[in-house]
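Novice: My structure is below; once you've seen it, I'll send some questions.
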Amino acid sequence: MLKRSLAALAISVGIWTGSAHAETISVFCSPTEFELCTTVANAWKEKTGNEAKINKMPALLDDAIPLYQQLLASKSKDIDVLFLDVIWLGMFKNNLLDLKTLVPQADQDKHFASTLGAAKLDGKLIAMPAYMDVGLMFYRNDLLEKYGKQPPKTWDELAASAKEIQDKERAAGNGEMWGYAWQAKSYEGLTCDAIELIASNGGGTIISDDGKVTIDNPQAAEAIEKAKGWIGSISPEGVLNYDEEASRAIFESGNAVFHRNWPYVWGTSHQQGSSIIDKVGMMPLPVGKDGEKSSGCLGPMYYGVSKFSAKPEVAADFVNFIAGPDMQKMRAIQAALNPSIQALYSDPDVLAKLPFLKDNQQAFADSAVRPSGYTGTSYNRVSQAFYRSVHDMLSGGGDIKAGLNALATRLEKLKESR
C-alpha cells in the first residue's frame, strides 16, 4: 500500500514537474537598456519561472537591420523577441508573429491608440509598444513671462512671439538670441519636423495608410512655405544643417526662445552645464490651423516575436510583460522613458520623475505617424526622397507647389518597390 502511494506520488510529482518545465527564450535589447532588460527578465523569471536571455544590439541601432534580415531570412530559431523601431515595422511585418490573440485585448487597450495602431499592419498586431517618443515644443518660460506671452497654440503665434522676444533680447544686449531652433538638415529628422508641420496644417502624412500619395496639396505647400520664411528671420541660416543635438546646443546655451525636439531634452536642459535650468517649459507642438491636431511625430520603440520562434506563446508572454504597466513604470522612473500606457501619465511616482507628462498627454495621443507601415522595405527610400526634396524647397528658390508635384510623382514609383 505504501509502495503504491509512493509510486502514485512519484507519478504526480513527475506530471507536475513536466507541466512546470521552465522555458528559455532569446531577446534582443538596446545596448543602452541592457540593465533595464535584465531587470525585466529577472522579474519575469520570478513570476513565470521562464528565462529570457538578453542579447545586446549594436551600438548604432540601424546596424541591427542586416542582422535581423539575416536571421529572419534563414528562419532562425535562435532568436525569439526583437526590439524594433517604429519605422522598421513595415520592413519586418511579414516575419513577425500576429499578437492579436496572444495578448489579451484588455492589455492592448491600455496603450495609446496611436502607438498601438502603428503596429497594426495588414489586419495583424505585429508588435507591442515598449515606450514612446513624440516631437514636443520646449520654450523659455522665463522669457515668455518677461514679455507677457502665453505658450503659443498655433505656428503663427509661435513665429510672432519668437520674433518679438528675439528682437527685444537682441536690443537688450544678447546679439546671439534666436526665436526658434529646430531640425532642417537633410536627414530623417527633417522628415519628422516636416511631417509635423504638414499634418498639423491639414496636409496629411505623405502617404496614407491605403497607399495613396497625399503630399501634393495646398495645405502641405503652405506649411513648407511658412517654415521657409522662418529661416533667416526667427531661425538662423545654419538651421539647414541642424540635427537634434546641434539645435539643442543652441537652446541650452540660452540662445533660443523656442526649440522643437524629443522628450529627452527635458532632462538634458536641467543637467549641469545647461544655461537654462529651471527656465524651461514644454508643450505639445502648435497647430497650423484651428481644429487640427498637434501632430508631433511618433517615434516609439516596440517588441515583436519572430514568426520562426519555437516558443511563440512564451515569447508573446514576455513581450506583453515587458510592455505592461509595471515594467513601463519601472523604466519611466529609472530611465525617464516615456510610457505608452495612458494610465501612467497620472501615476504620482512617474510624475515625480517626469513632471512634464501630466500636461503633455494629448501630444502623445495626437501624434502623426510616418508612412513606414505601408511602404515597408521601401520606407528609407521614400523618406530620403521626401527629406531631400523638402530641404531643397527650404534652401532654394524653386516653386514649392511644383516641387511637391514632382515629389509626388517620384513617390508613386518608390512606394511600390516593396
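Ligands are numbered from 1 in the order shown, residues from 1 within each chain, and chains are lettered A, B, ... in the order they appear in the C-alpha cells.
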Neighbours of Asp278 (chain A) within 10 Å (only C-alpha atoms; same-chain residues fewer than 3 positions away dropped), as a PyMOL selection string?
Specialist: chain A and resi 140-142+269-270+274-275+281
Novice: Would you export the selected residues with C-alpha atoms as an mmCIF file, in the first residue's frame, please?
Specialist:
```cif
data_model
loop_
_atom_site.group_PDB
_atom_site.id
_atom_site.type_symbol
_atom_site.label_atom_id
_atom_site.label_comp_id
_atom_site.auth_asym_id
_atom_site.auth_seq_id
_atom_site.Cartn_x
_atom_site.Cartn_y
_atom_site.Cartn_z
ATOM 1 C CA ARG A 140 11.923 79.652 -22.256
ATOM 2 C CA ASN A 141 9.151 80.191 -19.733
ATOM 3 C CA ASP A 142 11.154 82.987 -18.091
ATOM 4 C CA SER A 269 18.145 71.041 -20.207
ATOM 5 C CA HIS A 270 18.173 70.575 -16.429
ATOM 6 C CA SER A 274 22.825 73.953 -19.148
ATOM 7 C CA SER A 275 22.275 77.701 -19.028
ATOM 8 C CA GLY A 281 8.584 74.894 -20.289
#
```
Novice: From a DSSP calculation on the backbone, collect every residue of region 286-381 of chain A in strand (DSSP E or B) and output the set as a ChimeraX atom specification.
Specialist: /A:287,297-298,301-306,341,368
Novice: Please measure the separation of CA of Ser253 (chain A) and CA of Met177 (chain A), giving the value in Å to one decimal.
Specialist: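 Those two atoms sit 9.9 Å apart.
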Novice: What lies within 8 Å of Gly179 (chain A) using only C-alpha atoms, ignoring chain neighbours under 4 positions off, as number ranges by chain?
Specialist: A: 159, 161-163, 165-166, 234-235, 256-258
Novice: Create the file for the chosen residues now, containing all heavy atoms and written as a PDB file, in the first residue's frame.
Specialist:
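Result went into out-v1.pdb, see below:
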```pdb
ATOM      1  N   ALA A 159       5.658  82.046 -34.248  1.00  0.00           N
ATOM      2  CA  ALA A 159       6.552  82.892 -35.046  1.00  0.00           C
ATOM      3  C   ALA A 159       6.498  84.347 -34.575  1.00  0.00           C
ATOM      4  O   ALA A 159       7.540  85.021 -34.490  1.00  0.00           O
ATOM      5  CB  ALA A 159       6.180  82.797 -36.519  1.00  0.00           C
ATOM      6  N   SER A 161       5.600  85.544 -31.510  1.00  0.00           N
ATOM      7  CA  SER A 161       6.234  85.681 -30.195  1.00  0.00           C
ATOM      8  C   SER A 161       7.742  85.510 -30.290  1.00  0.00           C
ATOM      9  O   SER A 161       8.505  86.228 -29.635  1.00  0.00           O
ATOM     10  CB  SER A 161       5.653  84.654 -29.221  1.00  0.00           C
ATOM     11  OG  SER A 161       4.305  84.915 -28.928  1.00  0.00           O
ATOM     12  N   ALA A 162       8.172  84.548 -31.106  1.00  0.00           N
ATOM     13  CA  ALA A 162       9.609  84.310 -31.281  1.00  0.00           C
ATOM     14  C   ALA A 162      10.307  85.552 -31.824  1.00  0.00           C
ATOM     15  O   ALA A 162      11.382  85.936 -31.335  1.00  0.00           O
ATOM     16  CB  ALA A 162       9.828  83.130 -32.223  1.00  0.00           C
ATOM     17  N   LYS A 163       9.701  86.189 -32.813  1.00  0.00           N
ATOM     18  CA  LYS A 163      10.313  87.386 -33.428  1.00  0.00           C
ATOM     19  C   LYS A 163      10.362  88.537 -32.434  1.00  0.00           C
ATOM     20  O   LYS A 163      11.400  89.229 -32.313  1.00  0.00           O
ATOM     21  CB  LYS A 163       9.511  87.793 -34.657  1.00  0.00           C
ATOM     22  CG  LYS A 163      10.146  88.925 -35.479  1.00  0.00           C
ATOM     23  CD  LYS A 163      11.392  88.424 -36.194  1.00  0.00           C
ATOM     24  CE  LYS A 163      11.859  89.399 -37.277  1.00  0.00           C
ATOM     25  NZ  LYS A 163      12.331  90.691 -36.747  1.00  0.00           N
ATOM     26  N   ILE A 165      10.272  88.512 -29.054  1.00  0.00           N
ATOM     27  CA  ILE A 165      11.201  88.272 -27.947  1.00  0.00           C
ATOM     28  C   ILE A 165      12.647  88.287 -28.436  1.00  0.00           C
ATOM     29  O   ILE A 165      13.540  88.845 -27.787  1.00  0.00           O
ATOM     30  CB  ILE A 165      10.868  86.939 -27.255  1.00  0.00           C
ATOM     31  CG1 ILE A 165       9.479  87.016 -26.616  1.00  0.00           C
ATOM     32  CG2 ILE A 165      11.920  86.593 -26.203  1.00  0.00           C
ATOM     33  CD1 ILE A 165       8.983  85.699 -26.063  1.00  0.00           C
ATOM     34  N   GLN A 166      12.889  87.677 -29.586  1.00  0.00           N
ATOM     35  CA  GLN A 166      14.230  87.669 -30.176  1.00  0.00           C
ATOM     36  C   GLN A 166      14.741  89.104 -30.366  1.00  0.00           C
ATOM     37  O   GLN A 166      15.865  89.439 -29.955  1.00  0.00           O
ATOM     38  CB  GLN A 166      14.172  86.945 -31.515  1.00  0.00           C
ATOM     39  CG  GLN A 166      15.408  87.121 -32.410  1.00  0.00           C
ATOM     40  CD  GLN A 166      15.167  86.570 -33.812  1.00  0.00           C
ATOM     41  OE1 GLN A 166      15.076  85.368 -33.982  1.00  0.00           O
ATOM     42  NE2 GLN A 166      15.052  87.445 -34.801  1.00  0.00           N
ATOM     43  N   ILE A 234      13.466  84.053 -37.790  1.00  0.00           N
ATOM     44  CA  ILE A 234      13.490  83.635 -36.384  1.00  0.00           C
ATOM     45  C   ILE A 234      14.407  82.436 -36.164  1.00  0.00           C
ATOM     46  O   ILE A 234      14.665  82.047 -35.029  1.00  0.00           O
ATOM     47  CB  ILE A 234      12.070  83.298 -35.881  1.00  0.00           C
ATOM     48  CG1 ILE A 234      11.436  82.171 -36.708  1.00  0.00           C
ATOM     49  CG2 ILE A 234      11.193  84.545 -35.872  1.00  0.00           C
ATOM     50  CD1 ILE A 234      10.118  81.670 -36.145  1.00  0.00           C
ATOM     51  N   SER A 235      14.884  81.856 -37.243  1.00  0.00           N
ATOM     52  CA  SER A 235      15.838  80.734 -37.167  1.00  0.00           C
ATOM     53  C   SER A 235      17.080  81.099 -37.970  1.00  0.00           C
ATOM     54  O   SER A 235      16.971  81.709 -39.036  1.00  0.00           O
ATOM     55  CB  SER A 235      15.225  79.455 -37.743  1.00  0.00           C
ATOM     56  OG  SER A 235      14.035  79.106 -37.066  1.00  0.00           O
ATOM     57  N   ALA A 256      17.983  80.521 -27.664  1.00  0.00           N
ATOM     58  CA  ALA A 256      16.769  80.296 -28.450  1.00  0.00           C
ATOM     59  C   ALA A 256      15.564  80.381 -27.523  1.00  0.00           C
ATOM     60  O   ALA A 256      15.614  79.900 -26.390  1.00  0.00           O
ATOM     61  CB  ALA A 256      16.798  78.947 -29.151  1.00  0.00           C
ATOM     62  N   VAL A 257      14.508  80.986 -28.032  1.00  0.00           N
ATOM     63  CA  VAL A 257      13.276  81.125 -27.245  1.00  0.00           C
ATOM     64  C   VAL A 257      12.475  79.825 -27.292  1.00  0.00           C
ATOM     65  O   VAL A 257      12.002  79.337 -26.271  1.00  0.00           O
ATOM     66  CB  VAL A 257      12.422  82.298 -27.769  1.00  0.00           C
ATOM     67  CG1 VAL A 257      11.181  82.471 -26.901  1.00  0.00           C
ATOM     68  CG2 VAL A 257      13.229  83.588 -27.822  1.00  0.00           C
ATOM     69  N   PHE A 258      12.333  79.262 -28.494  1.00  0.00           N
ATOM     70  CA  PHE A 258      11.577  78.026 -28.702  1.00  0.00           C
ATOM     71  C   PHE A 258      12.498  76.967 -29.319  1.00  0.00           C
ATOM     72  O   PHE A 258      13.437  77.296 -30.047  1.00  0.00           O
ATOM     73  CB  PHE A 258      10.387  78.257 -29.625  1.00  0.00           C
ATOM     74  CG  PHE A 258       9.339  79.189 -29.061  1.00  0.00           C
ATOM     75  CD1 PHE A 258       9.304  80.522 -29.434  1.00  0.00           C
ATOM     76  CD2 PHE A 258       8.391  78.722 -28.160  1.00  0.00           C
ATOM     77  CE1 PHE A 258       8.344  81.383 -28.928  1.00  0.00           C
ATOM     78  CE2 PHE A 258       7.425  79.578 -27.644  1.00  0.00           C
ATOM     79  CZ  PHE A 258       7.400  80.908 -28.022  1.00  0.00           C
TER      80      PHE A 258
END
```
Novice: Using only C-alpha atoms, which residues of region 72-154 of chain A come within 12 Å of region 319-327 of chain A, and what is the closest atom pair for each, with the distance in Å to one decimal? Give it as a Markdown table, sorted by chain and residue number.
Specialist:
```
| residue | atom | partner | partner_atom | distance |
| --- | --- | --- | --- | --- |
| A:Asp80 | CA | A:Val319 | CA | 10.0 |
| A:Val81 | CA | A:Val319 | CA | 7.4 |
| A:Leu82 | CA | A:Val319 | CA | 9.4 |
| A:Phe83 | CA | A:Val319 | CA | 9.9 |
| A:Leu84 | CA | A:Val319 | CA | 11.9 |
| A:Leu97 | CA | A:Val319 | CA | 11.5 |
| A:Leu99 | CA | A:Asn320 | CA | 9.3 |
| A:Lys100 | CA | A:Asn320 | CA | 11.2 |
| A:Thr101 | CA | A:Asn320 | CA | 11.8 |
| A:Leu102 | CA | A:Asn320 | CA | 8.8 |
| A:Val103 | CA | A:Asn320 | CA | 6.4 |
| A:Pro104 | CA | A:Asn320 | CA | 8.8 |
| A:Gln105 | CA | A:Asn320 | CA | 11.1 |
| A:Ala106 | CA | A:Gly324 | CA | 11.1 |
| A:Asp107 | CA | A:Gly324 | CA | 7.4 |
| A:Gln108 | CA | A:Asn320 | CA | 8.9 |
| A:Asp109 | CA | A:Gly324 | CA | 11.0 |
| A:Lys110 | CA | A:Pro325 | CA | 8.3 |
| A:His111 | CA | A:Gly324 | CA | 9.1 |
| A:Leu116 | CA | A:Ala323 | CA | 11.1 |
| A:Ile126 | CA | A:Val319 | CA | 11.1 |
| A:Ala127 | CA | A:Val319 | CA | 8.3 |
| A:Met128 | CA | A:Ala323 | CA | 6.4 |
| A:Pro129 | CA | A:Ala323 | CA | 6.0 |
| A:Ala130 | CA | A:Ala323 | CA | 5.0 |
| A:Tyr131 | CA | A:Ala323 | CA | 7.8 |
| A:Met132 | CA | A:Ala323 | CA | 11.1 |
```
Novice: For the residues in that selection, give me N, CA and C atoms as a tab-separated table (two decimals), in the first residue's frame.
Specialist:
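In the end it all went to selection-v5.tsv:
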```tsv
chain	number	residue	atom	x	y	z
A	80	ASP	N	13.96	34.88	-30.44
A	80	ASP	CA	12.51	34.84	-30.25
A	80	ASP	C	11.89	36.24	-30.27
A	81	VAL	N	12.52	37.18	-29.55
A	81	VAL	CA	11.93	38.52	-29.40
A	81	VAL	C	12.87	39.57	-29.99
A	82	LEU	N	12.30	40.46	-30.81
A	82	LEU	CA	13.06	41.51	-31.49
A	82	LEU	C	12.68	42.88	-30.94
A	83	PHE	N	13.67	43.73	-30.77
A	83	PHE	CA	13.46	45.13	-30.39
A	83	PHE	C	13.40	45.94	-31.68
A	84	LEU	N	12.36	46.75	-31.86
A	84	LEU	CA	12.05	47.33	-33.17
A	84	LEU	C	11.75	48.82	-33.10
A	97	LEU	N	5.21	37.62	-35.69
A	97	LEU	CA	4.03	36.89	-35.27
A	97	LEU	C	2.87	37.84	-35.00
A	99	LEU	N	0.18	39.11	-32.80
A	99	LEU	CA	-0.03	39.03	-31.36
A	99	LEU	C	-1.48	39.30	-30.95
A	100	LYS	N	-2.33	39.49	-31.94
A	100	LYS	CA	-3.70	39.92	-31.66
A	100	LYS	C	-4.42	39.01	-30.68
A	101	THR	N	-4.25	37.70	-30.84
A	101	THR	CA	-4.93	36.76	-29.95
A	101	THR	C	-4.04	36.28	-28.81
A	102	LEU	N	-2.76	36.60	-28.86
A	102	LEU	CA	-1.83	36.16	-27.82
A	102	LEU	C	-1.69	37.17	-26.70
A	103	VAL	N	-2.02	38.44	-26.99
A	103	VAL	CA	-2.02	39.49	-25.96
A	103	VAL	C	-3.48	39.84	-25.67
A	104	PRO	N	-3.93	39.70	-24.44
A	104	PRO	CA	-5.33	39.99	-24.11
A	104	PRO	C	-5.75	41.39	-24.56
A	105	GLN	N	-6.97	41.51	-25.05
A	105	GLN	CA	-7.47	42.79	-25.54
A	105	GLN	C	-7.40	43.87	-24.47
A	106	ALA	N	-7.67	43.49	-23.22
A	106	ALA	CA	-7.62	44.46	-22.13
A	106	ALA	C	-6.23	45.05	-21.98
A	107	ASP	N	-5.20	44.25	-22.22
A	107	ASP	CA	-3.82	44.75	-22.14
A	107	ASP	C	-3.50	45.64	-23.34
A	108	GLN	N	-4.00	45.28	-24.50
A	108	GLN	CA	-3.81	46.14	-25.68
A	108	GLN	C	-4.43	47.51	-25.46
A	109	ASP	N	-5.61	47.54	-24.85
A	109	ASP	CA	-6.35	48.78	-24.69
A	109	ASP	C	-5.71	49.76	-23.72
A	110	LYS	N	-4.72	49.31	-22.97
A	110	LYS	CA	-4.04	50.20	-22.03
A	110	LYS	C	-3.12	51.20	-22.73
A	111	HIS	N	-2.73	50.89	-23.96
A	111	HIS	CA	-1.77	51.72	-24.68
A	111	HIS	C	-2.49	52.82	-25.48
A	116	LEU	N	-0.29	51.96	-30.45
A	116	LEU	CA	-0.63	50.58	-30.77
A	116	LEU	C	-1.03	50.45	-32.24
A	126	ILE	N	1.53	43.26	-34.92
A	126	ILE	CA	2.83	42.60	-35.07
A	126	ILE	C	3.83	42.97	-33.98
A	127	ALA	N	3.48	43.88	-33.07
A	127	ALA	CA	4.41	44.25	-32.01
A	127	ALA	C	3.63	44.98	-30.92
A	128	MET	N	4.26	45.07	-29.74
A	128	MET	CA	3.70	45.83	-28.62
A	128	MET	C	4.65	46.96	-28.26
A	129	PRO	N	4.11	48.13	-27.90
A	129	PRO	CA	4.97	49.28	-27.59
A	129	PRO	C	5.81	49.06	-26.35
A	130	ALA	N	7.08	49.42	-26.43
A	130	ALA	CA	7.97	49.37	-25.28
A	130	ALA	C	7.95	50.70	-24.53
A	131	TYR	N	8.03	51.77	-25.27
A	131	TYR	CA	7.92	53.13	-24.75
A	131	TYR	C	7.76	54.03	-25.96
A	132	MET	N	7.57	55.31	-25.74
A	132	MET	CA	7.30	56.16	-26.89
A	132	MET	C	8.01	57.50	-26.82
```
Novice: Which of these, A:Lys75, A:Arg248, A:Lys293, A:His391, has the shortest distance to Asn261 (chain A) once you count only C-alpha atoms?
Specialist: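 Nearest to Asn261 (chain A): A:Arg248.
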Novice: When you look at Met137 (chain A) with a cut-off of 7 Å (counting only C-alpha atoms), what residues show up, excluding the ones that are within fewer than 3 positions of it in the same chain? I need them as a VMD selection string.
Specialist: chain A and resid 258 to 261 282 to 285
Novice: May I have the selected residues written with all heavy atoms, as a PDB file, in the first residue's frame?
Specialist:
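And here's result15.pdb as it stands now:
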```
ATOM      1  N   PHE A 258      12.333  79.262 -28.494  1.00  0.00           N
ATOM      2  CA  PHE A 258      11.577  78.026 -28.702  1.00  0.00           C
ATOM      3  C   PHE A 258      12.498  76.967 -29.319  1.00  0.00           C
ATOM      4  O   PHE A 258      13.437  77.296 -30.047  1.00  0.00           O
ATOM      5  CB  PHE A 258      10.387  78.257 -29.625  1.00  0.00           C
ATOM      6  CG  PHE A 258       9.339  79.189 -29.061  1.00  0.00           C
ATOM      7  CD1 PHE A 258       9.304  80.522 -29.434  1.00  0.00           C
ATOM      8  CD2 PHE A 258       8.391  78.722 -28.160  1.00  0.00           C
ATOM      9  CE1 PHE A 258       8.344  81.383 -28.928  1.00  0.00           C
ATOM     10  CE2 PHE A 258       7.425  79.578 -27.644  1.00  0.00           C
ATOM     11  CZ  PHE A 258       7.400  80.908 -28.022  1.00  0.00           C
ATOM     12  N   HIS A 259      12.175  75.705 -29.050  1.00  0.00           N
ATOM     13  CA  HIS A 259      13.011  74.613 -29.555  1.00  0.00           C
ATOM     14  C   HIS A 259      12.180  73.347 -29.718  1.00  0.00           C
ATOM     15  O   HIS A 259      11.595  72.841 -28.754  1.00  0.00           O
ATOM     16  CB  HIS A 259      14.166  74.349 -28.583  1.00  0.00           C
ATOM     17  CG  HIS A 259      14.999  73.156 -28.906  1.00  0.00           C
ATOM     18  ND1 HIS A 259      15.502  72.903 -30.167  1.00  0.00           N
ATOM     19  CD2 HIS A 259      15.439  72.130 -28.118  1.00  0.00           C
ATOM     20  CE1 HIS A 259      16.202  71.784 -30.147  1.00  0.00           C
ATOM     21  NE2 HIS A 259      16.173  71.283 -28.922  1.00  0.00           N
ATOM     22  N   ARG A 260      12.112  72.816 -30.940  1.00  0.00           N
ATOM     23  CA  ARG A 260      11.432  71.545 -31.185  1.00  0.00           C
ATOM     24  C   ARG A 260      12.425  70.400 -31.025  1.00  0.00           C
ATOM     25  O   ARG A 260      13.515  70.416 -31.590  1.00  0.00           O
ATOM     26  CB  ARG A 260      10.854  71.530 -32.613  1.00  0.00           C
ATOM     27  CG  ARG A 260      10.103  70.235 -32.968  1.00  0.00           C
ATOM     28  CD  ARG A 260      11.022  69.212 -33.592  1.00  0.00           C
ATOM     29  NE  ARG A 260      10.334  67.914 -33.798  1.00  0.00           N
ATOM     30  CZ  ARG A 260      10.926  66.751 -33.744  1.00  0.00           C
ATOM     31  NH1 ARG A 260      12.213  66.659 -33.495  1.00  0.00           N
ATOM     32  NH2 ARG A 260      10.237  65.641 -33.946  1.00  0.00           N
ATOM     33  N   ASN A 261      12.040  69.381 -30.234  1.00  0.00           N
ATOM     34  CA  ASN A 261      12.894  68.207 -30.080  1.00  0.00           C
ATOM     35  C   ASN A 261      12.081  67.083 -29.444  1.00  0.00           C
ATOM     36  O   ASN A 261      10.868  67.183 -29.321  1.00  0.00           O
ATOM     37  CB  ASN A 261      14.138  68.532 -29.240  1.00  0.00           C
ATOM     38  CG  ASN A 261      15.363  67.755 -29.687  1.00  0.00           C
ATOM     39  OD1 ASN A 261      15.308  66.554 -29.934  1.00  0.00           O
ATOM     40  ND2 ASN A 261      16.496  68.435 -29.790  1.00  0.00           N
ATOM     41  N   MET A 282       7.487  73.080 -21.436  1.00  0.00           N
ATOM     42  CA  MET A 282       7.321  72.106 -22.508  1.00  0.00           C
ATOM     43  C   MET A 282       5.837  71.962 -22.816  1.00  0.00           C
ATOM     44  O   MET A 282       5.004  71.979 -21.910  1.00  0.00           O
ATOM     45  CB  MET A 282       7.922  70.768 -22.091  1.00  0.00           C
ATOM     46  CG  MET A 282       8.121  69.801 -23.231  1.00  0.00           C
ATOM     47  SD  MET A 282       9.121  68.388 -22.736  1.00  0.00           S
ATOM     48  CE  MET A 282       7.901  67.367 -21.996  1.00  0.00           C
ATOM     49  N   MET A 283       5.515  71.778 -24.095  1.00  0.00           N
ATOM     50  CA  MET A 283       4.118  71.733 -24.522  1.00  0.00           C
ATOM     51  C   MET A 283       3.994  70.922 -25.804  1.00  0.00           C
ATOM     52  O   MET A 283       4.993  70.672 -26.485  1.00  0.00           O
ATOM     53  CB  MET A 283       3.610  73.160 -24.779  1.00  0.00           C
ATOM     54  CG  MET A 283       4.471  73.932 -25.765  1.00  0.00           C
ATOM     55  SD  MET A 283       3.827  75.562 -26.172  1.00  0.00           S
ATOM     56  CE  MET A 283       2.862  75.164 -27.637  1.00  0.00           C
ATOM     57  N   PRO A 284       2.769  70.498 -26.152  1.00  0.00           N
ATOM     58  CA  PRO A 284       2.568  69.899 -27.469  1.00  0.00           C
ATOM     59  C   PRO A 284       2.914  70.893 -28.560  1.00  0.00           C
ATOM     60  O   PRO A 284       2.856  72.122 -28.349  1.00  0.00           O
ATOM     61  CB  PRO A 284       1.069  69.564 -27.485  1.00  0.00           C
ATOM     62  CG  PRO A 284       0.681  69.488 -26.048  1.00  0.00           C
ATOM     63  CD  PRO A 284       1.542  70.488 -25.339  1.00  0.00           C
ATOM     64  N   LEU A 285       3.282  70.399 -29.730  1.00  0.00           N
ATOM     65  CA  LEU A 285       3.592  71.293 -30.838  1.00  0.00           C
ATOM     66  C   LEU A 285       2.364  72.115 -31.222  1.00  0.00           C
ATOM     67  O   LEU A 285       1.224  71.655 -31.085  1.00  0.00           O
ATOM     68  CB  LEU A 285       4.049  70.489 -32.053  1.00  0.00           C
ATOM     69  CG  LEU A 285       5.365  69.730 -31.917  1.00  0.00           C
ATOM     70  CD1 LEU A 285       5.618  68.906 -33.169  1.00  0.00           C
ATOM     71  CD2 LEU A 285       6.528  70.672 -31.671  1.00  0.00           C
TER      72      LEU A 285
END
```
Novice: Might you pull out every residue within 7 Å of Ala365 (chain A), with only C-alpha atoms counted and same-chain residues fewer than 4 positions away left off, and present them as a CSV table (one decimal) with N, CA, C and O atoms, in the first residue's frame?
Specialist:
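Saved file result_27.csv follows:
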```csv
chain,number,residue,atom,x,y,z
A,112,PHE,N,-1.8,53.9,-25.7
A,112,PHE,CA,-2.3,55.0,-26.6
A,112,PHE,C,-2.7,54.3,-27.9
A,112,PHE,O,-1.9,53.6,-28.5
A,114,SER,N,-2.8,55.6,-30.9
A,114,SER,CA,-1.9,55.9,-32.0
A,114,SER,C,-0.7,55.1,-32.0
A,114,SER,O,-0.2,54.6,-33.0
A,361,GLN,N,0.0,64.9,-22.2
A,361,GLN,CA,-0.6,63.6,-22.6
A,361,GLN,C,-1.2,63.7,-23.9
A,361,GLN,O,-1.2,62.7,-24.7
```
Novice: Quick one: distance from CA of Glu23 (chain A) to CA of Asn95 (chain A) in Å, one decimal?
Specialist: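 Straight-line distance from CA of Glu23 (chain A) to CA of Asn95 (chain A) works out to 22.2 Å.
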Novice: Taking only region 360-409 of chain A into account, list the residues labelled helix (DSSP H, G or I) by DSSP (computed from the backbone), as a PyMOL selection string.
Specialist: chain A and resi 361-365+372-395+400-409
Novice: Work out how far CA of Ala249 (chain A) is from CA of Asp392 (chain A), in Å to one decimal.
Specialist: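 Distance reported for this atom pair: 24.5 Å.
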Novice: For Lys401 (chain A), find every residue with an atom within 10 Å (counting only C-alpha atoms), except residues of its own chain fewer than 3 positions away, and show them as a list in words.
Specialist: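 Result of the neighbour search: Asp216, Asn217, Pro218, Ala220, Ala221, Glu222, Ile224, Glu225, Met393, Gly398, Leu404, Asn405, Ala406 and Leu407 of chain A.
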Novice: With a distance cut-off of 7 Å and only C-alpha atoms, select the neighbouring residues of Ile215 (chain A), excluding the residue or stretch itself and same-chain residues fewer than 3 positions from it, and output the selection as a list in words.
Specialist: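 Listing them by chain and then by number gives Gly203, Gly204, Ile206, Ile207, Ala220, Leu404 and Ala408 of chain A.
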Novice: With distances taken over only C-alpha atoms, which residue among A:Gly304, A:Gly397, A:Pro312, A:Gly189 lies nearest Leu96 (chain A)?
Specialist: A:Gly304
Novice: Ranking A:Val369, A:Leu143, A:Ala402, A:Ile341 by minimum distance to Thr191 (chain A) and counting only C-alpha atoms, which one comes first?
Specialist: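 Closest to Thr191 (chain A) of all the choices is A:Val369.
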Novice: Given only C-alpha atoms as the basis, pick out the residue of A:Asp399, A:Asp290, A:Asp78, A:Glu33 nearest to Met57 (chain A).
Specialist: A:Glu33
